[in-house]
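Peer 1: See structure.txt below, with compact mmCIF, C-alpha atoms.
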```txt
# COMPACT_ATOMS: atom_id res chain seq x y z
CA MET C 1 -41.28 0.48 -16.95
CA THR C 2 -39.46 3.81 -16.97
CA LEU C 3 -37.63 5.00 -13.89
CA VAL C 4 -37.34 8.75 -13.58
CA VAL C 5 -34.97 10.04 -10.95
CA THR C 6 -35.06 13.77 -10.46
CA PRO C 7 -33.35 14.78 -7.25
CA ILE C 8 -29.93 13.54 -6.24
CA ASN C 9 -31.35 12.28 -2.94
CA ASP C 10 -33.48 9.73 -4.81
CA LEU C 11 -30.42 8.50 -6.67
CA MET C 12 -28.43 8.21 -3.46
CA ARG C 13 -31.28 6.29 -1.85
CA ILE C 14 -31.30 3.83 -4.77
CA VAL C 15 -27.53 3.34 -4.56
CA ASP C 16 -27.68 2.85 -0.79
CA ARG C 17 -30.50 0.33 -1.15
CA ALA C 18 -28.64 -1.58 -3.87
CA ALA C 19 -25.54 -1.70 -1.69
CA ALA C 20 -27.58 -2.90 1.27
CA ILE C 21 -29.27 -5.62 -0.80
CA THR C 22 -26.08 -6.93 -2.38
CA GLY C 23 -23.91 -6.29 0.65
CA SER C 24 -21.33 -4.60 -1.53
CA TYR C 25 -20.44 -1.25 -2.97
CA GLY C 26 -19.45 -0.45 -6.51
CA ARG C 27 -17.69 -2.67 -8.99
CA THR C 28 -15.11 -3.77 -6.44
CA ARG C 29 -17.79 -5.64 -4.49
CA THR C 30 -16.43 -4.19 -1.27
CA ARG C 31 -18.71 -4.06 1.71
CA PRO C 32 -19.56 -0.53 2.91
CA GLU C 33 -17.92 -1.07 6.31
CA ARG C 34 -14.72 -2.18 4.54
CA ILE C 35 -14.79 1.03 2.46
CA ASP C 36 -14.78 3.08 5.68
CA ALA C 37 -11.91 1.02 7.10
CA MET C 38 -9.97 1.41 3.84
CA THR C 39 -10.45 5.18 3.92
CA ARG C 40 -9.13 5.38 7.48
CA ALA C 41 -6.27 3.05 6.57
CA MET C 42 -5.32 5.22 3.58
CA LEU C 43 -5.05 8.24 5.87
CA ALA C 44 -2.93 6.32 8.40
CA VAL C 45 -0.71 4.95 5.63
CA GLU C 46 -0.10 8.44 4.25
CA ASN C 47 0.81 9.73 7.71
CA VAL C 48 3.22 6.82 8.28
CA HIS C 49 4.75 7.27 4.83
CA GLN C 50 5.39 10.97 5.47
CA GLU C 51 7.06 10.11 8.79
CA LEU C 52 9.27 7.53 7.06
CA VAL C 53 10.29 9.98 4.32
CA ALA C 54 11.18 12.59 6.93
CA PHE C 55 13.11 9.97 8.88
CA VAL C 56 15.09 8.84 5.83
CA ARG C 57 16.06 12.45 5.08
CA PHE C 58 17.05 12.91 8.74
CA VAL C 59 19.10 9.70 8.95
CA TYR C 60 21.09 10.39 5.78
CA ARG C 61 22.20 13.89 6.84
CA ARG C 62 25.94 14.35 6.57
CA ASP C 63 28.43 16.65 8.23
CA GLY C 64 30.94 18.88 6.42
CA ARG C 65 33.31 15.95 5.89
CA GLY C 66 30.62 13.71 4.39
CA ARG C 67 30.08 11.46 7.41
CA LEU C 68 26.59 10.44 8.43
CA LEU C 69 25.49 12.33 11.53
CA HIS C 70 22.90 9.92 12.90
CA VAL C 71 24.29 6.54 11.87
CA LEU C 72 27.33 4.76 13.28
CA PRO C 73 29.91 3.34 10.83
CA ASP C 74 28.42 -0.18 11.15
CA GLY C 75 24.97 1.12 10.13
CA GLN C 76 23.51 1.16 13.63
CA LEU C 77 21.35 4.13 14.43
CA ALA C 78 23.21 6.32 16.91
CA PRO C 79 21.98 6.16 20.51
CA GLY C 80 19.25 8.66 21.23
CA VAL C 81 18.24 9.09 17.57
CA TRP C 82 14.53 9.66 17.07
CA VAL C 83 12.80 6.90 15.11
CA PRO C 84 9.17 6.94 13.93
CA TRP C 85 8.35 3.54 15.43
CA ARG C 86 9.41 4.57 18.94
CA GLY C 87 8.52 7.48 21.19
CA GLY C 88 8.77 11.04 19.97
CA SER C 89 7.01 10.76 16.62
CA THR C 90 3.55 11.97 15.65
CA LEU C 91 2.36 8.40 15.08
CA THR C 92 -0.10 6.73 17.42
CA ARG C 93 0.89 3.65 19.40
CA THR C 94 -1.02 1.43 16.99
CA GLN C 95 0.66 3.03 13.97
CA LYS C 96 4.10 2.53 15.55
CA ASP C 97 3.35 -1.13 16.25
CA ILE C 98 2.12 -1.74 12.70
CA LEU C 99 5.14 0.06 11.24
CA ARG C 100 7.51 -2.17 13.22
CA ARG C 101 5.59 -5.27 12.13
CA TRP C 102 5.69 -4.07 8.52
CA LEU C 103 9.47 -3.58 8.64
CA HIS C 104 9.95 -7.05 10.19
CA LEU C 105 7.64 -8.56 7.55
CA LYS C 106 9.62 -6.93 4.71
CA ALA C 107 12.83 -8.37 6.16
CA GLN C 108 11.26 -11.85 6.50
CA ASN C 109 10.09 -11.69 2.89
CA ARG C 110 13.64 -10.81 1.81
CA LEU C 111 12.63 -7.44 0.39
CA LYS C 112 15.66 -5.83 2.04
CA PRO C 113 14.08 -2.93 3.92
CA ILE C 114 16.11 0.19 4.62
CA PHE C 115 15.84 -0.32 8.36
CA VAL C 116 16.51 -3.73 9.92
CA TYR C 117 16.42 -4.90 13.50
CA GLY C 118 19.40 -6.83 14.84
CA LEU C 119 18.05 -9.51 17.16
CA ASP C 120 21.46 -10.17 18.68
CA THR C 121 22.16 -6.50 19.46
CA ARG C 122 18.52 -5.43 19.93
CA ARG C 123 19.26 -2.33 17.86
CA TRP C 124 17.98 -0.86 14.61
CA TYR C 125 20.33 -0.57 11.64
CA VAL C 126 20.32 1.26 8.32
CA ASP C 127 21.23 -1.01 5.40
CA LEU C 128 23.98 1.23 4.06
CA ARG C 129 25.30 -1.44 1.70
CA ASN C 130 22.08 -1.60 -0.33
CA TYR C 131 21.01 2.01 0.34
CA PRO C 132 24.13 4.22 0.38
CA THR C 133 22.23 7.47 -0.25
CA ALA C 134 18.92 9.01 0.75
CA GLU C 135 17.75 9.00 -2.88
CA VAL C 136 18.21 5.23 -3.18
CA ALA C 137 16.49 4.69 0.19
CA LEU C 138 13.57 6.93 -0.80
CA GLY C 139 13.27 4.99 -4.07
CA TRP C 140 12.89 1.73 -2.13
CA LEU C 141 10.36 3.36 0.15
CA GLU C 142 8.30 4.51 -2.82
CA ARG C 143 8.47 1.11 -4.57
CA HIS C 144 7.47 -0.78 -1.43
CA ARG C 145 4.99 1.74 -0.10
CA ILE C 146 2.58 0.15 2.33
CA SER C 147 -0.94 -0.18 0.95
CA ALA C 148 -4.20 0.34 2.79
CA GLY C 149 -5.06 -3.34 2.35
CA GLU C 150 -1.70 -4.39 3.77
CA TRP C 151 -2.26 -1.97 6.65
CA LEU C 152 -5.65 -3.51 7.46
CA ASN C 153 -4.17 -7.02 7.35
CA LEU C 154 -1.44 -5.98 9.80
CA LEU C 155 -4.03 -4.24 11.98
CA SER C 156 -6.01 -7.40 12.60
```
Please go through the file and, once you have read it, give me the structure as structure tokens.
Peer 2:
Amino acid sequence: MTLVVTPINDLMRIVDRAAAITGSYGRTRTRPERIDAMTRAMLAVENVHQELVAFVRFVYRRDGRGRLLHVLPDGQLAPGVWVPWRGGSTLTRTQKDILRRWLHLKAQNRLKPIFVYGLDTRRWYVDLRNYPTAEVALGWLERHRISAGEWLNLLS
């Protein structure tokens, strides 16, 4: 039997029907509803990553004498400093919550995140010992970039 598919719509109908029958899409065997969630997660992850990059550049700004402007000598973020996981950023409440969870998870897994929360002081700190410059911090951020799958796991 020869199957002749002329218009694109027929081809799309065949693909949709195959996905519906098998309950998966493509070679990854991912369900169609998971594909939509992954697409949304990828957009959220990119937004969060851009906020973190901007925050790292902001935090590592120095004055004329080379001192950090927004970080105290012990690494604590100065009072009143904007952080992406608190009010004042472009992230949604859900994105802020997931970002905080992600940072805590990285610390628990001993991946030495740039930003750590001090339970005793209830303050956020910059790990200046491991990340003395913005370039080193941005390198860590790029190596440990949150994935869409990780985002979805933290979302649920």
Peer 1: Find, counting all atoms listed in the file, the residue in C:Lys112, C:Pro84, C:Ile146, C:Pro79 that gets nearest to Val56 (chain C).
Peer 2: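 With all atoms listed in the file as the atom set, the closest residue is C:Pro84.
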Peer 1: Taking (-7.6, 3.4, 8.0) in the file's coordinates, which residues come within 12 Å, counting all atoms listed in the file, written as a ChimeraX atom specification?
Peer 2: /C:33-48,94-95,98,147-156
Peer 1: Calculate how many Å separate CA of Leu77 (chain C) from CA of Tyr125 (chain C), rounding to one decimal.
Peer 2: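 One can read the CA of Leu77 (chain C) to CA of Tyr125 (chain C) distance as 5.6 Å.
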Peer 1: Which is closer to Phe55 (chain C) than all the others in C:Gln108, C:Thr133, C:Thr121, C:Ser89, using only C-alpha atoms?
Peer 2: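 Among C:Gln108, C:Thr133, C:Thr121, C:Ser89, it is C:Ser89 that comes nearest to Phe55 (chain C).
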Peer 1: Just the residues within 12 Å of Lys106 (chain C), please, counting only C-alpha atoms, with nothing from its chain fewer than 3 positions along; format it as JSON, numbers by chain.
Peer 2: {"C": [99, 100, 101, 102, 103, 109, 110, 111, 112, 113, 114, 115, 116, 117, 140, 141, 144, 145, 146, 150]}
